[in-house]
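Text of the file model.pdb, holding PDB, C-alpha atoms and all ligand atoms:
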ATOM      1  CA  MET V   1     -45.057  14.652 -38.576  1.00  0.00           C
ATOM      2  CA  LYS V   2     -46.852  14.089 -35.279  1.00  0.00           C
ATOM      3  CA  LYS V   3     -44.448  13.252 -32.447  1.00  0.00           C
ATOM      4  CA  GLN V   4     -45.038  11.692 -29.052  1.00  0.00           C
ATOM      5  CA  ILE V   5     -43.373  13.806 -26.381  1.00  0.00           C
ATOM      6  CA  VAL V   6     -43.253  13.579 -22.582  1.00  0.00           C
ATOM      7  CA  VAL V   7     -42.950  16.852 -20.706  1.00  0.00           C
ATOM      8  CA  VAL V   8     -41.892  16.486 -17.064  1.00  0.00           C
ATOM      9  CA  GLY V   9     -42.297  19.500 -14.780  1.00  0.00           C
ATOM     10  CA  LEU V  10     -44.995  21.979 -15.688  1.00  0.00           C
ATOM     11  CA  GLY V  11     -43.618  25.255 -14.347  1.00  0.00           C
ATOM     12  CA  ARG V  12     -43.256  28.286 -16.629  1.00  0.00           C
ATOM     13  CA  PHE V  13     -40.772  26.578 -18.942  1.00  0.00           C
ATOM     14  CA  GLY V  14     -42.379  23.119 -19.135  1.00  0.00           C
ATOM     15  CA  SER V  15     -45.891  24.487 -19.569  1.00  0.00           C
ATOM     16  CA  SER V  16     -44.934  26.835 -22.382  1.00  0.00           C
ATOM     17  CA  VAL V  17     -43.066  24.032 -24.198  1.00  0.00           C
ATOM     18  CA  CYS V  18     -46.137  21.850 -23.753  1.00  0.00           C
ATOM     19  CA  LYS V  19     -48.605  24.468 -25.055  1.00  0.00           C
ATOM     20  CA  GLU V  20     -46.479  25.303 -28.078  1.00  0.00           C
ATOM     21  CA  LEU V  21     -45.967  21.637 -29.036  1.00  0.00           C
ATOM     22  CA  HIS V  22     -49.689  21.010 -28.615  1.00  0.00           C
ATOM     23  CA  SER V  23     -50.505  23.924 -30.939  1.00  0.00           C
ATOM     24  CA  MET V  24     -48.197  22.309 -33.529  1.00  0.00           C
ATOM     25  CA  GLY V  25     -50.266  19.105 -33.345  1.00  0.00           C
ATOM     26  CA  HIS V  26     -47.900  16.882 -31.346  1.00  0.00           C
ATOM     27  CA  GLU V  27     -49.118  14.349 -28.790  1.00  0.00           C
ATOM     28  CA  ILE V  28     -48.006  15.227 -25.287  1.00  0.00           C
ATOM     29  CA  MET V  29     -47.914  13.433 -21.965  1.00  0.00           C
ATOM     30  CA  ALA V  30     -47.572  16.134 -19.294  1.00  0.00           C
ATOM     31  CA  ILE V  31     -46.325  15.026 -15.868  1.00  0.00           C
ATOM     32  CA  ASP V  32     -45.995  16.923 -12.596  1.00  0.00           C
ATOM     33  CA  THR V  33     -46.288  16.122  -8.895  1.00  0.00           C
ATOM     34  CA  ASP V  34     -48.464  19.202  -8.359  1.00  0.00           C
ATOM     35  CA  PRO V  35     -52.171  18.513  -9.193  1.00  0.00           C
ATOM     36  CA  GLU V  36     -52.847  22.223  -9.868  1.00  0.00           C
ATOM     37  CA  LYS V  37     -50.082  22.405 -12.490  1.00  0.00           C
ATOM     38  CA  VAL V  38     -51.390  19.221 -14.116  1.00  0.00           C
ATOM     39  CA  ASN V  39     -54.991  20.479 -14.161  1.00  0.00           C
ATOM     40  CA  ALA V  40     -53.958  23.740 -15.775  1.00  0.00           C
ATOM     41  CA  LEU V  41     -52.621  21.819 -18.771  1.00  0.00           C
ATOM     42  CA  ARG V  42     -55.554  19.485 -19.392  1.00  0.00           C
ATOM     43  CA  GLU V  43     -56.511  21.237 -22.613  1.00  0.00           C
ATOM     44  CA  TYR V  44     -52.971  21.197 -23.954  1.00  0.00           C
ATOM     45  CA  ALA V  45     -51.940  17.568 -23.605  1.00  0.00           C
ATOM     46  CA  ALA V  46     -53.324  14.218 -24.731  1.00  0.00           C
ATOM     47  CA  PHE V  47     -52.437  12.748 -21.319  1.00  0.00           C
ATOM     48  CA  THR V  48     -51.969  14.642 -18.085  1.00  0.00           C
ATOM     49  CA  VAL V  49     -50.581  12.741 -15.127  1.00  0.00           C
ATOM     50  CA  ILE V  50     -49.944  13.526 -11.470  1.00  0.00           C
ATOM     51  CA  ALA V  51     -46.796  11.533 -10.774  1.00  0.00           C
ATOM     52  CA  ASP V  52     -43.316  11.692  -9.345  1.00  0.00           C
ATOM     53  CA  ALA V  53     -41.010  11.447 -12.337  1.00  0.00           C
ATOM     54  CA  THR V  54     -38.149  10.164 -10.182  1.00  0.00           C
ATOM     55  CA  ASP V  55     -40.135   7.009  -9.416  1.00  0.00           C
ATOM     56  CA  GLU V  56     -39.000   4.400 -11.899  1.00  0.00           C
ATOM     57  CA  ASN V  57     -42.066   2.181 -11.440  1.00  0.00           C
ATOM     58  CA  GLN V  58     -44.428   5.061 -12.142  1.00  0.00           C
ATOM     59  CA  LEU V  59     -42.524   5.972 -15.293  1.00  0.00           C
ATOM     60  CA  LYS V  60     -42.647   2.348 -16.437  1.00  0.00           C
ATOM     61  CA  SER V  61     -46.352   1.923 -15.776  1.00  0.00           C
ATOM     62  CA  LEU V  62     -47.088   5.141 -17.692  1.00  0.00           C
ATOM     63  CA  GLY V  63     -45.447   3.607 -20.750  1.00  0.00           C
ATOM     64  CA  VAL V  64     -42.968   6.443 -21.006  1.00  0.00           C
ATOM     65  CA  ARG V  65     -40.492   4.162 -22.811  1.00  0.00           C
ATOM     66  CA  ASN V  66     -42.747   4.294 -25.902  1.00  0.00           C
ATOM     67  CA  PHE V  67     -42.176   8.024 -26.326  1.00  0.00           C
ATOM     68  CA  GLU V  68     -39.461   9.266 -28.626  1.00  0.00           C
ATOM     69  CA  HIS V  69     -38.687  12.541 -26.942  1.00  0.00           C
ATOM     70  CA  ALA V  70     -38.741  13.875 -23.368  1.00  0.00           C
ATOM     71  CA  ILE V  71     -38.352  17.380 -22.051  1.00  0.00           C
ATOM     72  CA  VAL V  72     -37.360  17.494 -18.382  1.00  0.00           C
ATOM     73  CA  ALA V  73     -38.215  20.888 -16.944  1.00  0.00           C
ATOM     74  CA  ILE V  74     -37.919  20.230 -13.236  1.00  0.00           C
ATOM     75  CA  GLY V  75     -36.768  23.609 -11.992  1.00  0.00           C
ATOM     76  CA  ASP V  76     -34.370  23.952  -9.099  1.00  0.00           C
ATOM     77  CA  ASN V  77     -34.645  20.427  -7.773  1.00  0.00           C
ATOM     78  CA  LEU V  78     -31.258  19.261  -9.032  1.00  0.00           C
ATOM     79  CA  GLN V  79     -31.514  15.789  -7.579  1.00  0.00           C
ATOM     80  CA  ALA V  80     -34.936  15.112  -9.123  1.00  0.00           C
ATOM     81  CA  SER V  81     -33.899  16.492 -12.500  1.00  0.00           C
ATOM     82  CA  VAL V  82     -30.733  14.339 -12.622  1.00  0.00           C
ATOM     83  CA  LEU V  83     -32.510  11.206 -11.423  1.00  0.00           C
ATOM     84  CA  CYS V  84     -35.364  11.643 -13.884  1.00  0.00           C
ATOM     85  CA  THR V  85     -32.932  12.207 -16.785  1.00  0.00           C
ATOM     86  CA  LEU V  86     -30.951   9.091 -15.853  1.00  0.00           C
ATOM     87  CA  MET V  87     -34.088   6.968 -15.691  1.00  0.00           C
ATOM     88  CA  LEU V  88     -35.498   8.228 -18.972  1.00  0.00           C
ATOM     89  CA  LYS V  89     -32.214   7.356 -20.687  1.00  0.00           C
ATOM     90  CA  GLU V  90     -32.164   3.940 -18.993  1.00  0.00           C
ATOM     91  CA  LEU V  91     -35.706   3.330 -20.232  1.00  0.00           C
ATOM     92  CA  GLY V  92     -34.292   3.903 -23.708  1.00  0.00           C
ATOM     93  CA  LEU V  93     -35.767   7.254 -24.787  1.00  0.00           C
ATOM     94  CA  PRO V  94     -33.727   8.388 -27.780  1.00  0.00           C
ATOM     95  CA  LYS V  95     -33.995  12.106 -27.057  1.00  0.00           C
ATOM     96  CA  VAL V  96     -33.962  13.565 -23.553  1.00  0.00           C
ATOM     97  CA  TRP V  97     -33.627  17.340 -23.380  1.00  0.00           C
ATOM     98  CA  VAL V  98     -33.258  18.885 -19.952  1.00  0.00           C
ATOM     99  CA  LYS V  99     -33.477  22.354 -18.476  1.00  0.00           C
ATOM    100  CA  ALA V 100     -30.519  23.240 -16.247  1.00  0.00           C
ATOM    101  CA  ARG V 101     -30.199  26.060 -13.756  1.00  0.00           C
ATOM    102  CA  ASP V 102     -26.422  26.546 -14.087  1.00  0.00           C
ATOM    103  CA  LEU V 103     -23.195  25.180 -15.555  1.00  0.00           C
ATOM    104  CA  GLN V 104     -22.632  22.663 -12.768  1.00  0.00           C
ATOM    105  CA  HIS V 105     -26.122  21.246 -13.283  1.00  0.00           C
ATOM    106  CA  GLU V 106     -25.491  21.182 -17.045  1.00  0.00           C
ATOM    107  CA  LYS V 107     -22.274  19.153 -16.625  1.00  0.00           C
ATOM    108  CA  ILE V 108     -23.982  16.542 -14.448  1.00  0.00           C
ATOM    109  CA  LEU V 109     -26.860  16.230 -16.922  1.00  0.00           C
ATOM    110  CA  HIS V 110     -24.457  15.564 -19.783  1.00  0.00           C
ATOM    111  CA  LYS V 111     -22.732  12.890 -17.678  1.00  0.00           C
ATOM    112  CA  VAL V 112     -25.991  11.044 -17.034  1.00  0.00           C
ATOM    113  CA  GLY V 113     -26.857  11.030 -20.714  1.00  0.00           C
ATOM    114  CA  ALA V 114     -28.941  14.153 -21.478  1.00  0.00           C
ATOM    115  CA  ASP V 115     -28.981  14.645 -25.239  1.00  0.00           C
ATOM    116  CA  ARG V 116     -29.385  18.379 -24.958  1.00  0.00           C
ATOM    117  CA  VAL V 117     -29.167  20.731 -22.007  1.00  0.00           C
ATOM    118  CA  ILE V 118     -30.912  24.080 -22.061  1.00  0.00           C
ATOM    119  CA  GLN V 119     -30.249  27.043 -19.806  1.00  0.00           C
ATOM    120  CA  PRO V 120     -33.170  29.267 -20.813  1.00  0.00           C
ATOM    121  CA  GLU V 121     -32.217  32.362 -18.831  1.00  0.00           C
ATOM    122  CA  LYS V 122     -28.619  32.250 -20.058  1.00  0.00           C
ATOM    123  CA  GLU V 123     -29.595  31.631 -23.687  1.00  0.00           C
ATOM    124  CA  MET V 124     -32.272  34.326 -23.685  1.00  0.00           C
ATOM    125  CA  GLY V 125     -29.861  36.739 -21.994  1.00  0.00           C
ATOM    126  CA  ILE V 126     -27.343  36.256 -24.821  1.00  0.00           C
ATOM    127  CA  ARG V 127     -30.022  36.797 -27.484  1.00  0.00           C
ATOM    128  CA  VAL V 128     -31.293  39.945 -25.812  1.00  0.00           C
ATOM    129  CA  ALA V 129     -27.723  41.288 -25.530  1.00  0.00           C
ATOM    130  CA  HIS V 130     -27.254  40.840 -29.276  1.00  0.00           C
ATOM    131  CA  HIS V 131     -30.497  42.658 -30.008  1.00  0.00           C
ATOM    132  CA  VAL V 132     -29.407  45.509 -27.750  1.00  0.00           C
ATOM    133  CA  ASP V 133     -25.947  45.599 -29.335  1.00  0.00           C
ATOM    134  CA  SER V 134     -27.349  46.005 -32.819  1.00  0.00           C
ATOM    135  CA  ASP V 135     -30.815  47.187 -33.695  1.00  0.00           C
ATOM    136  CA  LYS V 136     -30.270  45.834 -37.217  1.00  0.00           C
ATOM    137  CA  ILE V 137     -30.166  42.271 -35.951  1.00  0.00           C
ATOM    138  CA  ILE V 138     -33.619  40.804 -35.479  1.00  0.00           C
ATOM    139  CA  ASP V 139     -32.636  37.342 -34.447  1.00  0.00           C
ATOM    140  CA  TYR V 140     -29.566  35.406 -33.590  1.00  0.00           C
ATOM    141  CA  ILE V 141     -28.681  31.718 -33.257  1.00  0.00           C
ATOM    142  CA  ASP V 142     -25.349  30.372 -32.024  1.00  0.00           C
ATOM    143  CA  LEU V 143     -24.092  27.412 -34.078  1.00  0.00           C
ATOM    144  CA  SER V 144     -20.874  27.041 -32.102  1.00  0.00           C
ATOM    145  CA  HIS V 145     -18.484  29.215 -30.141  1.00  0.00           C
ATOM    146  CA  ASP V 146     -17.383  30.924 -33.358  1.00  0.00           C
ATOM    147  CA  TYR V 147     -20.236  30.581 -35.846  1.00  0.00           C
ATOM    148  CA  SER V 148     -23.731  32.038 -35.856  1.00  0.00           C
ATOM    149  CA  ILE V 149     -26.784  32.624 -37.990  1.00  0.00           C
ATOM    150  CA  ILE V 150     -28.258  36.117 -37.848  1.00  0.00           C
ATOM    151  CA  GLU V 151     -31.314  37.788 -39.312  1.00  0.00           C
ATOM    152  CA  LEU V 152     -30.697  41.352 -40.380  1.00  0.00           C
ATOM    153  CA  VAL V 153     -32.653  44.016 -42.177  1.00  0.00           C
ATOM    154  CA  ALA V 154     -31.272  45.233 -45.518  1.00  0.00           C
ATOM    155  CA  SER V 155     -30.498  48.946 -45.473  1.00  0.00           C
ATOM    156  CA  GLY V 156     -30.905  51.458 -48.310  1.00  0.00           C
ATOM    157  CA  LYS V 157     -27.216  50.889 -49.032  1.00  0.00           C
ATOM    158  CA  MET V 158     -27.956  47.302 -50.045  1.00  0.00           C
ATOM    159  CA  ALA V 159     -31.171  48.034 -51.913  1.00  0.00           C
ATOM    160  CA  ASN V 160     -31.620  47.032 -55.543  1.00  0.00           C
ATOM    161  CA  LYS V 161     -28.398  45.071 -55.617  1.00  0.00           C
ATOM    162  CA  THR V 162     -27.991  41.389 -56.384  1.00  0.00           C
ATOM    163  CA  LEU V 163     -26.139  39.030 -54.087  1.00  0.00           C
ATOM    164  CA  ILE V 164     -23.256  39.043 -56.548  1.00  0.00           C
ATOM    165  CA  ASP V 165     -23.144  42.881 -56.456  1.00  0.00           C
ATOM    166  CA  LEU V 166     -23.108  42.753 -52.674  1.00  0.00           C
ATOM    167  CA  ASN V 167     -20.287  40.209 -52.771  1.00  0.00           C
ATOM    168  CA  ILE V 168     -21.130  38.977 -49.271  1.00  0.00           C
ATOM    169  CA  ARG V 169     -19.601  35.548 -49.775  1.00  0.00           C
ATOM    170  CA  LYS V 170     -16.219  36.761 -51.061  1.00  0.00           C
ATOM    171  CA  GLU V 171     -15.811  39.979 -49.154  1.00  0.00           C
ATOM    172  CA  PHE V 172     -17.250  38.875 -45.827  1.00  0.00           C
ATOM    173  CA  ASN V 173     -16.945  35.079 -46.058  1.00  0.00           C
ATOM    174  CA  CYS V 174     -20.619  34.764 -45.065  1.00  0.00           C
ATOM    175  CA  ILE V 175     -23.418  32.810 -46.717  1.00  0.00           C
ATOM    176  CA  VAL V 176     -26.890  34.223 -47.335  1.00  0.00           C
ATOM    177  CA  LEU V 177     -29.183  31.309 -46.523  1.00  0.00           C
ATOM    178  CA  ALA V 178     -32.465  33.058 -47.280  1.00  0.00           C
ATOM    179  CA  ILE V 179     -34.075  36.380 -48.168  1.00  0.00           C
ATOM    180  CA  LYS V 180     -37.413  37.211 -46.571  1.00  0.00           C
ATOM    181  CA  LYS V 181     -39.779  39.725 -48.169  1.00  0.00           C
ATOM    182  CA  GLU V 182     -42.581  39.991 -45.635  1.00  0.00           C
ATOM    183  CA  GLU V 183     -44.196  36.512 -45.621  1.00  0.00           C
ATOM    184  CA  ASP V 184     -42.387  35.421 -48.771  1.00  0.00           C
ATOM    185  CA  VAL V 185     -39.221  33.439 -48.066  1.00  0.00           C
ATOM    186  CA  ASN V 186     -36.664  32.761 -50.769  1.00  0.00           C
ATOM    187  CA  ILE V 187     -34.539  29.905 -49.468  1.00  0.00           C
ATOM    188  CA  ALA V 188     -31.151  29.199 -51.014  1.00  0.00           C
ATOM    189  CA  PRO V 189     -31.246  32.438 -53.068  1.00  0.00           C
ATOM    190  CA  ALA V 190     -29.395  32.582 -56.390  1.00  0.00           C
ATOM    191  CA  ILE V 191     -26.481  34.977 -56.881  1.00  0.00           C
ATOM    192  CA  ASP V 192     -28.530  37.181 -59.222  1.00  0.00           C
ATOM    193  CA  ASP V 193     -31.476  37.517 -56.811  1.00  0.00           C
ATOM    194  CA  MET V 194     -32.185  41.152 -55.966  1.00  0.00           C
ATOM    195  CA  VAL V 195     -32.211  42.553 -52.418  1.00  0.00           C
ATOM    196  CA  GLU V 196     -34.620  45.386 -51.647  1.00  0.00           C
ATOM    197  CA  GLN V 197     -34.655  47.756 -48.717  1.00  0.00           C
ATOM    198  CA  ASP V 198     -36.207  46.203 -45.576  1.00  0.00           C
ATOM    199  CA  ASP V 199     -35.792  42.645 -46.848  1.00  0.00           C
ATOM    200  CA  VAL V 200     -34.589  40.373 -44.092  1.00  0.00           C
ATOM    201  CA  LEU V 201     -31.386  38.486 -44.848  1.00  0.00           C
ATOM    202  CA  ILE V 202     -30.605  35.273 -42.998  1.00  0.00           C
ATOM    203  CA  VAL V 203     -26.844  35.015 -42.976  1.00  0.00           C
ATOM    204  CA  MET V 204     -24.441  32.399 -41.623  1.00  0.00           C
ATOM    205  CA  GLY V 205     -20.790  32.979 -40.859  1.00  0.00           C
ATOM    206  CA  HIS V 206     -18.019  33.496 -38.362  1.00  0.00           C
ATOM    207  CA  LYS V 207     -19.018  35.964 -35.654  1.00  0.00           C
ATOM    208  CA  ASN V 208     -16.202  38.371 -36.600  1.00  0.00           C
ATOM    209  CA  ASP V 209     -17.231  38.308 -40.266  1.00  0.00           C
ATOM    210  CA  LEU V 210     -20.888  38.829 -39.384  1.00  0.00           C
ATOM    211  CA  LYS V 211     -19.890  41.831 -37.273  1.00  0.00           C
ATOM    212  CA  ARG V 212     -17.898  43.269 -40.198  1.00  0.00           C
ATOM    213  CA  LEU V 213     -20.826  42.691 -42.546  1.00  0.00           C
ATOM    214  CA  GLU V 214     -23.192  44.420 -40.168  1.00  0.00           C
ATOM    215  CA  GLU V 215     -20.865  47.417 -39.747  1.00  0.00           C
ATOM    216  CA  LYS V 216     -19.753  47.893 -43.328  1.00  0.00           C
ATOM    217  CA  ALA V 217     -22.534  46.644 -45.530  1.00  0.00           C
ATOM    218  CA  LEU V 218     -25.556  47.948 -43.738  1.00  0.00           C
TER     219      LEU V 218
HETATM  220  P1  LIG V 301     -39.948  27.180 -13.971  1.00  0.00           P
HETATM  221  O1  LIG V 301     -38.696  27.952 -13.633  1.00  0.00           O
HETATM  222  O2  LIG V 301     -39.915  26.622 -15.376  1.00  0.00           O
HETATM  223  O3  LIG V 301     -41.225  27.897 -13.680  1.00  0.00           O
HETATM  224  P2  LIG V 301     -40.479  25.558 -11.636  1.00  0.00           P
HETATM  225  O4  LIG V 301     -39.351  25.240 -10.706  1.00  0.00           O
HETATM  226  O5  LIG V 301     -41.460  26.587 -11.199  1.00  0.00           O
HETATM  227  O6  LIG V 301     -39.847  25.875 -13.064  1.00  0.00           O
HETATM  228  O7  LIG V 301     -41.297  24.233 -11.987  1.00  0.00           O
HETATM  229  C1  LIG V 301     -40.798  22.963 -11.888  1.00  0.00           C
HETATM  230  C2  LIG V 301     -41.959  22.013 -11.896  1.00  0.00           C
HETATM  231  O8  LIG V 301     -41.440  20.684 -11.748  1.00  0.00           O
HETATM  232  C3  LIG V 301     -42.935  22.247 -10.735  1.00  0.00           C
HETATM  233  O9  LIG V 301     -44.258  22.363 -11.246  1.00  0.00           O
HETATM  234  C4  LIG V 301     -42.759  20.981  -9.874  1.00  0.00           C
HETATM  235  O10 LIG V 301     -43.973  20.576  -9.256  1.00  0.00           O
HETATM  236  C5  LIG V 301     -42.290  19.959 -10.882  1.00  0.00           C
HETATM  237  N1  LIG V 301     -41.549  18.866 -10.275  1.00  0.00           N
HETATM  238  C6  LIG V 301     -40.568  18.945  -9.337  1.00  0.00           C
HETATM  239  N2  LIG V 301     -40.128  17.718  -9.015  1.00  0.00           N
HETATM  240  C7  LIG V 301     -40.844  16.834  -9.747  1.00  0.00           C
HETATM  241  C8  LIG V 301     -40.862  15.401  -9.861  1.00  0.00           C
HETATM  242  N3  LIG V 301     -40.057  14.641  -9.144  1.00  0.00           N
HETATM  243  N4  LIG V 301     -41.738  14.834 -10.726  1.00  0.00           N
HETATM  244  C9  LIG V 301     -42.587  15.614 -11.486  1.00  0.00           C
HETATM  245  N5  LIG V 301     -42.611  16.952 -11.420  1.00  0.00           N
HETATM  246  C10 LIG V 301     -41.761  17.557 -10.565  1.00  0.00           C
END

When written as structure tokens, how does the structure in this file appear?
Amino acid sequence: MKKQIVVVGLGRFGSSVCKELHSMGHEIMAIDTDPEKVNALREYAAFTVIADATDENQLKSLGVRNFEHAIVAIGDNLQASVLCTLMLKELGLPKVWVKARDLQHEKILHKVGADRVIQPEKEMGIRVAHHVDSDKIIDYIDLSHDYSIIELVASGKMANKTLIDLNIRKEFNCIVLAIKKEEDVNIAPAIDDMVEQDDVLIVMGHKNDLKRLEEKAL
């Protein structure tokens, strides 16, 4: 479904969010104080605006309150990012997601009502570390401090066995959410579905159990 999204701050982070959302067919209003940044995104947004997103009157006259989702990607300017977040929440936007530079920034953003705070460098650093730690893991998502979803490649050891043979749920207390065979994705696989070598398994579980699964089963 097409969404209306405001992206504030068109640096590396904001502009890539904007381009990706545009390619998915969403309607974007892209805002920055820098005319060059705004011009560079003309092709990727329904509306491009040179404006100061900490100016409440400007935000009001742009009709920002009619948007359902905002991404605030004002880089290191802590004051502007906090002020903009506060105003977007006061204008009643249901979802305001904000990029933070560090933990202190993140805490303030939560206090002023940010619905989600993203620290891209920190999050990407963690993902890269997991890829380095195990070359069997292709992707990794943190669900909480203890639980994750990982994508791992099935080894020869797992090949031509069903999920019941592999006993992942009982032995490792993990759930196989999907099995990918190239472009073909089997979501919610049945216990008698067969795993072949190089299939990608998407597995959810406690981090310790996922580690055991990766070490023993693969
Ligand atoms: P990144 O690390 O994602 O590249 P930058 O710090 O380079 O982030 O980009 C932040 C962007 O936010 C800049 O393009 C800057 O002009 C814009 N910006 C800063 N303050 C405001 C503001 N008050 N209103 C709108 N845009 C702003």

Point to revise | Test item: residues at most 12 Å from region 96-100 of chain V, all atoms listed in the file, excluding those fewer than 3 positions along its chain, as a VMD selection string | key: chain V and resid 5 to 14 17 64 to 65 67 to 93 103 to 110 112 to 123

Check your understanding: To one decimal place, how far is CA of Lys2 (chain V) from CA of Asp52 (chain V) in Å?
Key -> 26.3 Å

Let me have the centre and edge lengths of the axis-aligned box enclosing all listed atoms of region 65-80 of chain V with 8 Å padding on every side, in Å to one decimal, as JSON.
{"center_x": -37.0, "center_y": 14.1, "center_z": -18.1, "size_x": 27.5, "size_y": 35.8, "size_z": 37.0}

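Taking all atoms listed in the file into account, Lys157 (chain V) lies nearest to V:Asp198 out of the set V:Asp32, V:Asp198, V:Asp193, V:Asp142.
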
Set the distance at 10 Å and use only C-alpha atoms: which residues neighbour Leu213 (chain V) once local chain neighbours fewer than 3 positions away are removed? I'd like the list as a compact mmCIF listing (two decimals) with C-alpha atoms, keeping the file's coordinate frame.
# COMPACT_ATOMS: atom_id res chain seq x y z
CA ILE V 168 -21.13 38.98 -49.27
CA GLU V 171 -15.81 39.98 -49.15
CA PHE V 172 -17.25 38.88 -45.83
CA ASN V 173 -16.94 35.08 -46.06
CA CYS V 174 -20.62 34.76 -45.06
CA VAL V 203 -26.84 35.02 -42.98
CA GLY V 205 -20.79 32.98 -40.86
CA LYS V 207 -19.02 35.96 -35.65
CA ASN V 208 -16.20 38.37 -36.60
CA ASP V 209 -17.23 38.31 -40.27
CA LEU V 210 -20.89 38.83 -39.38
CA LYS V 216 -19.75 47.89 -43.33
CA ALA V 217 -22.53 46.64 -45.53
CA LEU V 218 -25.56 47.95 -43.74

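Between CA of Ala159 (chain V) and CA of Gln197 (chain V) the interatomic distance comes to 4.7 Å.
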
**Study point:** Point-to-point distance from CA of Ile179 (chain V) to CA of Ser155 (chain V), Å rounded to tenths
**Key:**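 CA of Ile179 (chain V) sits 13.3 Å away from CA of Ser155 (chain V).
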
Exercise for review: Might you pull out every residue within 12 Å of Ala40 (chain V), with all atoms listed in the file counted and same-chain residues fewer than 6 positions away left off, and present them as a PyMOL selection string?
Suggested key: chain V and resi 10-12+15-16+18-19+30-32+34+48-50

Exercise for review: Find the residues near region 127-137 of chain V: any atom within 6 Å, counting all atoms listed in the file, skip ones fewer than 5 places away on the same chain, and give them as a PyMOL selection string.
Suggested key: chain V and resi 151-153

Exercise for review: Tell me which residues the PyMOL selection byres (((chain V and resi 160) around 10) and not hetatm) grabs here, as a PyMOL selection string.
Suggested key: chain V and resi 156-159+161-163+165-166+193-197

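Using all atoms listed in the file, the nearest neighbour of ligand LIG 301 (chain V) within the list V:Thr33, V:Asn57, V:Ser23, V:Asn39 is V:Thr33.
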
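Residues of protein, DNA or RNA having at least one counted atom within 9 Å of (-47.6, 18.9, -30.4), given all atoms listed in the file, are Lys2, Lys3, Gln4, Ile5, Cys18, Lys19, Glu20, Leu21, His22, Ser23, Met24, Gly25, His26, Glu27, Ile28, Tyr44 and Ala45 of chain V.
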
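Closest approach to ligand LIG 301 (chain V) from the set V:Asn66, V:Ser148, V:Gln58, V:Asn186 is made by V:Gln58, with distances taken over only C-alpha atoms and all ligand atoms.
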
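Of the listed residues V:Met1, V:Arg101, V:Lys95, V:Gly63, the one whose atoms come nearest to ligand LIG 301 (chain V) is V:Arg101, with distances taken using only C-alpha atoms and all ligand atoms.
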
Practice item. Name the residues in contact with Glu182 (chain V) at a cut-off of 10 Å, using only C-alpha atoms, excluding same-chain residues fewer than 2 positions from it; report them as a PyMOL selection string. Key: chain V and resi 179-180+184-185+198-200
